[in-house]
file entry-v8.pdb (PDB, C-alpha atoms)
ATOM      1  CA  MET A 111      65.900 121.888  77.589
ATOM      2  CA  ASN A 112      67.507 119.030  79.579
ATOM      3  CA  GLN A 113      70.325 118.927  77.003
ATOM      4  CA  THR A 114      71.034 122.622  77.645
ATOM      5  CA  ARG A 115      70.923 122.134  81.413
ATOM      6  CA  GLN A 116      73.432 119.273  81.068
ATOM      7  CA  LEU A 117      75.652 121.426  78.825
ATOM      8  CA  ILE A 118      75.808 124.172  81.455
ATOM      9  CA  GLN A 119      76.408 121.623  84.230
ATOM     10  CA  ASN A 120      79.267 120.198  82.144
ATOM     11  CA  TYR A 121      80.670 123.714  81.659
ATOM     12  CA  TYR A 122      80.824 124.336  85.419
ATOM     13  CA  GLY A 123      82.005 120.782  86.053
ATOM     14  CA  ALA A 124      84.952 121.316  83.698
ATOM     15  CA  PHE A 125      85.646 124.683  85.331
ATOM     16  CA  GLY A 126      85.612 123.153  88.792
ATOM     17  CA  SER A 127      87.918 120.286  87.882
ATOM     18  CA  GLY A 128      90.379 122.535  86.035
ATOM     19  CA  ASP A 129      89.619 120.788  82.729
ATOM     20  CA  THR A 130      90.315 123.728  80.414
ATOM     21  CA  GLN A 131      90.170 121.628  77.244
ATOM     22  CA  GLY A 132      86.918 120.013  78.338
ATOM     23  CA  LEU A 133      85.423 123.449  78.945
ATOM     24  CA  LEU A 134      86.672 124.768  75.585
ATOM     25  CA  ASP A 135      85.163 121.759  73.812
ATOM     26  CA  LEU A 136      81.708 122.933  74.946
ATOM     27  CA  LEU A 137      82.127 126.277  73.181
ATOM     28  CA  ASP A 138      81.333 127.230  69.615
ATOM     29  CA  ASP A 139      84.430 128.212  67.608
ATOM     30  CA  ASN A 140      83.137 131.806  67.469
ATOM     31  CA  VAL A 141      81.903 132.015  71.051
ATOM     32  CA  ILE A 142      81.154 135.523  72.279
ATOM     33  CA  HIS A 143      82.528 136.208  75.748
ATOM     34  CA  ASP A 144      81.309 139.289  77.585
ATOM     35  CA  ILE A 145      83.816 139.726  80.385
ATOM     36  CA  ASN A 146      82.414 141.070  83.642
ATOM     37  CA  GLN A 147      82.144 144.855  83.364
ATOM     38  CA  GLY A 148      84.739 144.725  80.597
ATOM     39  CA  LYS A 149      85.191 144.083  76.929
ATOM     40  CA  ARG A 150      83.686 141.564  74.544
ATOM     41  CA  GLU A 151      85.980 138.914  73.089
ATOM     42  CA  ILE A 152      85.168 136.538  70.259
ATOM     43  CA  GLY A 153      86.505 133.073  69.585
ATOM     44  CA  ARG A 154      87.596 129.977  71.421
ATOM     45  CA  GLN A 155      91.268 131.037  71.337
ATOM     46  CA  ALA A 156      90.461 134.339  73.078
ATOM     47  CA  PHE A 157      88.442 132.413  75.658
ATOM     48  CA  GLN A 158      91.394 130.091  76.254
ATOM     49  CA  GLN A 159      93.714 133.066  76.781
ATOM     50  CA  PHE A 160      91.211 134.490  79.258
ATOM     51  CA  LEU A 161      91.082 131.186  81.160
ATOM     52  CA  ASN A 162      94.876 130.975  81.228
ATOM     53  CA  HIS A 163      95.056 134.485  82.680
ATOM     54  CA  MET A 164      92.386 133.710  85.273
ATOM     55  CA  ASN A 165      94.145 130.490  86.294
ATOM     56  CA  HIS A 166      97.374 132.452  86.747
ATOM     57  CA  CYS A 167      95.815 135.130  88.990
ATOM     58  CA  TYR A 168      93.008 133.298  90.797
ATOM     59  CA  ARG A 169      92.015 129.950  92.283
ATOM     60  CA  GLU A 170      88.243 129.724  92.219
ATOM     61  CA  LYS A 171      85.548 127.198  93.042
ATOM     62  CA  ILE A 172      81.851 127.466  92.266
ATOM     63  CA  SER A 173      79.173 126.503  94.779
ATOM     64  CA  ASP A 174      75.416 126.947  95.173
ATOM     65  CA  LEU A 175      74.946 126.536  91.396
ATOM     66  CA  ILE A 176      71.416 127.025  90.093
ATOM     67  CA  ILE A 177      70.725 126.743  86.357
ATOM     68  CA  PHE A 178      67.746 128.247  84.543
ATOM     69  CA  VAL A 179      66.853 127.255  80.956
ATOM     70  CA  ASN A 180      64.259 128.736  78.609
ATOM     71  CA  ASP A 181      61.626 126.532  76.957
ATOM     72  CA  ASP A 182      63.481 125.829  73.707
ATOM     73  CA  GLY A 183      66.917 125.437  75.325
ATOM     74  CA  SER A 184      68.493 128.285  73.336
ATOM     75  CA  ARG A 185      69.285 130.352  76.417
ATOM     76  CA  ALA A 186      70.332 129.645  79.961
ATOM     77  CA  ALA A 187      71.378 131.482  83.071
ATOM     78  CA  ALA A 188      73.291 130.393  86.125
ATOM     79  CA  GLU A 189      73.505 131.847  89.603
ATOM     80  CA  PHE A 190      76.287 130.755  91.928
ATOM     81  CA  THR A 191      78.804 131.694  94.584
ATOM     82  CA  VAL A 192      82.487 132.115  93.798
ATOM     83  CA  ASP A 193      84.949 131.141  96.516
ATOM     84  CA  GLY A 194      88.399 132.231  95.496
ATOM     85  CA  ILE A 195      91.937 133.159  96.392
ATOM     86  CA  TYR A 196      93.692 136.061  94.695
ATOM     87  CA  ILE A 197      97.149 134.557  94.045
ATOM     88  CA  ALA A 198      98.880 136.820  91.498
ATOM     89  CA  THR A 199      98.398 140.534  90.926
ATOM     90  CA  ASP A 200      96.025 141.291  88.060
ATOM     91  CA  GLN A 201      96.662 144.502  86.137
ATOM     92  CA  GLY A 202      94.582 147.395  87.437
ATOM     93  CA  PHE A 203      93.747 145.740  90.752
ATOM     94  CA  PRO A 204      95.339 145.764  94.224
ATOM     95  CA  GLU A 205      98.399 143.633  94.853
ATOM     96  CA  ALA A 206      97.703 139.947  95.377
ATOM     97  CA  ALA A 207      98.687 138.315  98.653
ATOM     98  CA  ASN A 208      96.560 135.151  98.680
ATOM     99  CA  GLN A 209      93.466 137.062  99.806
ATOM    100  CA  PRO A 210      90.357 134.872 100.051
ATOM    101  CA  TYR A 211      87.020 136.132  98.749
ATOM    102  CA  ARG A 212      83.436 134.928  98.447
ATOM    103  CA  ILE A 213      81.033 136.703  96.106
ATOM    104  CA  PRO A 214      77.705 135.993  94.408
ATOM    105  CA  ALA A 215      77.847 135.872  90.611
ATOM    106  CA  GLY A 216      75.825 135.013  87.554
ATOM    107  CA  ALA A 217      76.212 134.105  83.912
ATOM    108  CA  PHE A 218      74.032 134.165  80.824
ATOM    109  CA  PHE A 219      74.412 131.765  77.924
ATOM    110  CA  GLU A 220      73.223 131.410  74.342
ATOM    111  CA  ILE A 221      73.176 127.883  72.918
ATOM    112  CA  ARG A 222      73.093 126.633  69.325
ATOM    113  CA  GLU A 223      73.507 123.020  68.183
ATOM    114  CA  ASN A 224      74.502 121.966  71.721
ATOM    115  CA  LYS A 225      77.418 124.419  71.815
ATOM    116  CA  ILE A 226      77.712 127.562  73.913
ATOM    117  CA  THR A 227      77.754 130.552  71.553
ATOM    118  CA  ARG A 228      77.760 133.325  74.171
ATOM    119  CA  VAL A 229      78.856 133.608  77.795
ATOM    120  CA  THR A 230      78.187 136.802  79.727
ATOM    121  CA  ASN A 231      79.514 136.870  83.298
ATOM    122  CA  TYR A 232      78.571 139.264  86.060
ATOM    123  CA  TYR A 233      79.617 139.941  89.627
ATOM    124  CA  ASN A 234      79.940 143.139  91.629
ATOM    125  CA  ILE A 235      83.519 144.237  90.965
ATOM    126  CA  ARG A 236      83.432 146.878  93.722
ATOM    127  CA  GLU A 237      82.430 144.254  96.281
ATOM    128  CA  TRP A 238      85.240 141.985  95.073
ATOM    129  CA  VAL A 239      87.832 144.780  95.314
ATOM    130  CA  SER A 240      86.658 145.627  98.836
ATOM    131  CA  LYS A 241      87.069 141.984  99.882
ATOM    132  CA  ILE A 242      90.625 141.702  98.574
ATOM    133  CA  SER A 243      91.591 145.138  99.947
ATOM    134  CA  SER A 244      90.580 144.475 103.564
TER     135      SER A 244
END
call {"tool": "encode", "arguments": {"input": "entry-v8.pdb", "output": "structure tokens"}}
result
Amino acid sequence: MNQTRQLIQNYYGAFGSGDTQGLLDLLDDNVIHDINQGKREIGRQAFQQFLNHMNHCYREKISDLIIFVNDDGSRAAAEFTVDGIYIATDQGFPEAANQPYRIPAGAFFEIRENKITRVTNYYNIREWVSKISS
């Protein structure tokens, strides 16, 4: 259980420091990524492409991180706040003009052999759009 908690802390630590390779190293080769209110992607390469896209369009920091782990360490969840700036227009969304936003979010994880095998992210997309449209 503590190993899983540390794995998730390392995941968010790598995210926060911009260490894309460090974050990818925590993932299983066939990681399942359920994108917020979107499609499911499979594989570390797809996850890397997603991160590259996110880094192009957004600058985000995570705060108020709380991690929950089940008894055998095979699943975890995280609740946090995303503080971001919308820096480049993302397809299907309003035009970017360095709009700041702050939204609550969460993620669910599956773990096997100390690797993340699934990441499912969630935040309220309508709330986010309203914040960047104001």
call {"tool": "closest_residue", "arguments": {"input": "entry-v8.pdb", "among": "A:Arg212, A:Arg115, A:Arg169, A:Lys241", "to": "Asp182 of chain A", "atoms": "all atoms listed in the file"}}
result
A:Arg115
call {"tool": "resolve_selection", "arguments": {"input": "entry-v8.pdb", "expression": "the PyMOL selection byres ((chain A and resi 153) around 8)", "output": "list in words"}}
result
Asp138, Asp139, Asn140, Val141, Ile142, His143, Glu151, Ile152, Arg154, Gln155, Ala156 and Phe157 of chain A
call {"tool": "residues_near_point", "arguments": {"input": "entry-v8.pdb", "point": "(82.8, 141.6, 89.2)", "cutoff": "10 Å", "atoms": "all atoms listed in the file", "output": "number ranges by chain"}}
result
A: 145-148, 213-216, 231-239
call {"tool": "resolve_selection", "arguments": {"input": "entry-v8.pdb", "expression": "the PyMOL selection byres ((chain A and resi 178) around 8)", "output": "MDAnalysis selection string"}}
result
chainID A and resid 115 176:177 179:180 186:188
call {"tool": "write_last_selection", "arguments": {"input": "entry-v8.pdb", "atoms": "C-alpha atoms", "output": "short mmCIF file (atom, residue, chain, number, x, y, z; two decimals), keeping the file's coordinate frame"}}
result
data_model
loop_
_atom_site.label_atom_id
_atom_site.label_comp_id
_atom_site.auth_asym_id
_atom_site.auth_seq_id
_atom_site.Cartn_x
_atom_site.Cartn_y
_atom_site.Cartn_z
CA ARG A 115 70.92 122.13 81.41
CA ILE A 176 71.42 127.02 90.09
CA ILE A 177 70.72 126.74 86.36
CA VAL A 179 66.85 127.26 80.96
CA ASN A 180 64.26 128.74 78.61
CA ALA A 186 70.33 129.65 79.96
CA ALA A 187 71.38 131.48 83.07
CA ALA A 188 73.29 130.39 86.12
#
call {"tool": "closest_residue", "arguments": {"input": "entry-v8.pdb", "among": "A:Ile242, A:Leu175, A:Leu136, A:Ile118", "to": "Asn208 of chain A", "atoms": "only C-alpha atoms"}}
result
A:Ile242
call {"tool": "resolve_selection", "arguments": {"input": "entry-v8.pdb", "expression": "the PyMOL selection byres ((chain A and resi 121-133) around 9)", "output": "list in words"}}
result
Gln116, Leu117, Ile118, Gln119, Asn120, Leu134, Asp135, Leu136, Leu137, Gln158, Leu161, Asn162, Asn165, Glu170, Lys171, Ile172 and Leu175 of chain A
call {"tool": "atom_distance", "arguments": {"input": "entry-v8.pdb", "atom1": "atom CA of Tyr196 of chain A", "atom2": "atom CA of Asp174 of chain A"}}
result
20.4 Å
call {"tool": "atom_distance", "arguments": {"input": "entry-v8.pdb", "atom1": "atom CA of Asp181 of chain A", "atom2": "atom CA of Arg222 of chain A"}}
result
13.8 Å
call {"tool": "atom_distance", "arguments": {"input": "entry-v8.pdb", "atom1": "atom CA of His166 of chain A", "atom2": "atom CA of Ile221 of chain A"}}
result
28.2 Å
call {"tool": "axis_aligned_box", "arguments": {"input": "entry-v8.pdb", "around": "segment 188-196 of chain A", "padding_each_side": "3 Å", "output": "AutoDock Vina command-line options"}}
result
--center_x 83.5 --center_y 133.2 --center_z 91.3 --size_x 26.4 --size_y 11.7 --size_z 16.4
call {"tool": "closest_residue", "arguments": {"input": "entry-v8.pdb", "among": "A:Thr227, A:Asn112, A:Glu220, A:Lys149", "to": "Ser184 of chain A", "atoms": "all atoms listed in the file"}}
result
A:Glu220
call {"tool": "build_atoms", "arguments": {"input": "entry-v8.pdb", "residues": "segment 132-145 of chain A", "atoms": "N, CA and C atoms", "output": "compact mmCIF listing (two decimals), in the frame of the given file"}}
result
# COMPACT_ATOMS: atom_id res chain seq x y z
N GLY A 132 88.31 120.47 78.27
CA GLY A 132 86.92 120.01 78.34
C GLY A 132 85.94 121.17 78.29
N LEU A 133 86.26 122.26 78.96
CA LEU A 133 85.42 123.45 78.94
C LEU A 133 85.42 124.05 77.54
N LEU A 134 86.58 124.19 76.93
CA LEU A 134 86.67 124.77 75.58
C LEU A 134 85.91 123.94 74.56
N ASP A 135 85.88 122.64 74.74
CA ASP A 135 85.16 121.76 73.81
C ASP A 135 83.65 122.01 73.82
N LEU A 136 83.14 122.64 74.84
CA LEU A 136 81.71 122.93 74.95
C LEU A 136 81.33 124.23 74.23
N LEU A 137 82.34 124.97 73.79
CA LEU A 137 82.13 126.28 73.18
C LEU A 137 82.13 126.20 71.66
N ASP A 138 81.31 127.03 71.05
CA ASP A 138 81.33 127.23 69.61
C ASP A 138 82.67 127.88 69.23
N ASP A 139 83.16 127.62 68.05
CA ASP A 139 84.43 128.21 67.61
C ASP A 139 84.42 129.74 67.69
N ASN A 140 83.26 130.34 67.45
CA ASN A 140 83.14 131.81 67.47
C ASN A 140 82.39 132.30 68.70
N VAL A 141 82.59 131.65 69.82
CA VAL A 141 81.90 132.01 71.05
C VAL A 141 82.13 133.50 71.37
N ILE A 142 81.09 134.14 71.82
CA ILE A 142 81.15 135.52 72.28
C ILE A 142 81.30 135.47 73.79
N HIS A 143 82.30 136.18 74.30
CA HIS A 143 82.53 136.21 75.75
C HIS A 143 82.48 137.65 76.21
N ASP A 144 81.44 137.97 76.97
CA ASP A 144 81.31 139.29 77.58
C ASP A 144 81.92 139.20 78.97
N ILE A 145 83.09 139.78 79.12
CA ILE A 145 83.82 139.73 80.39
C ILE A 145 83.16 140.68 81.37
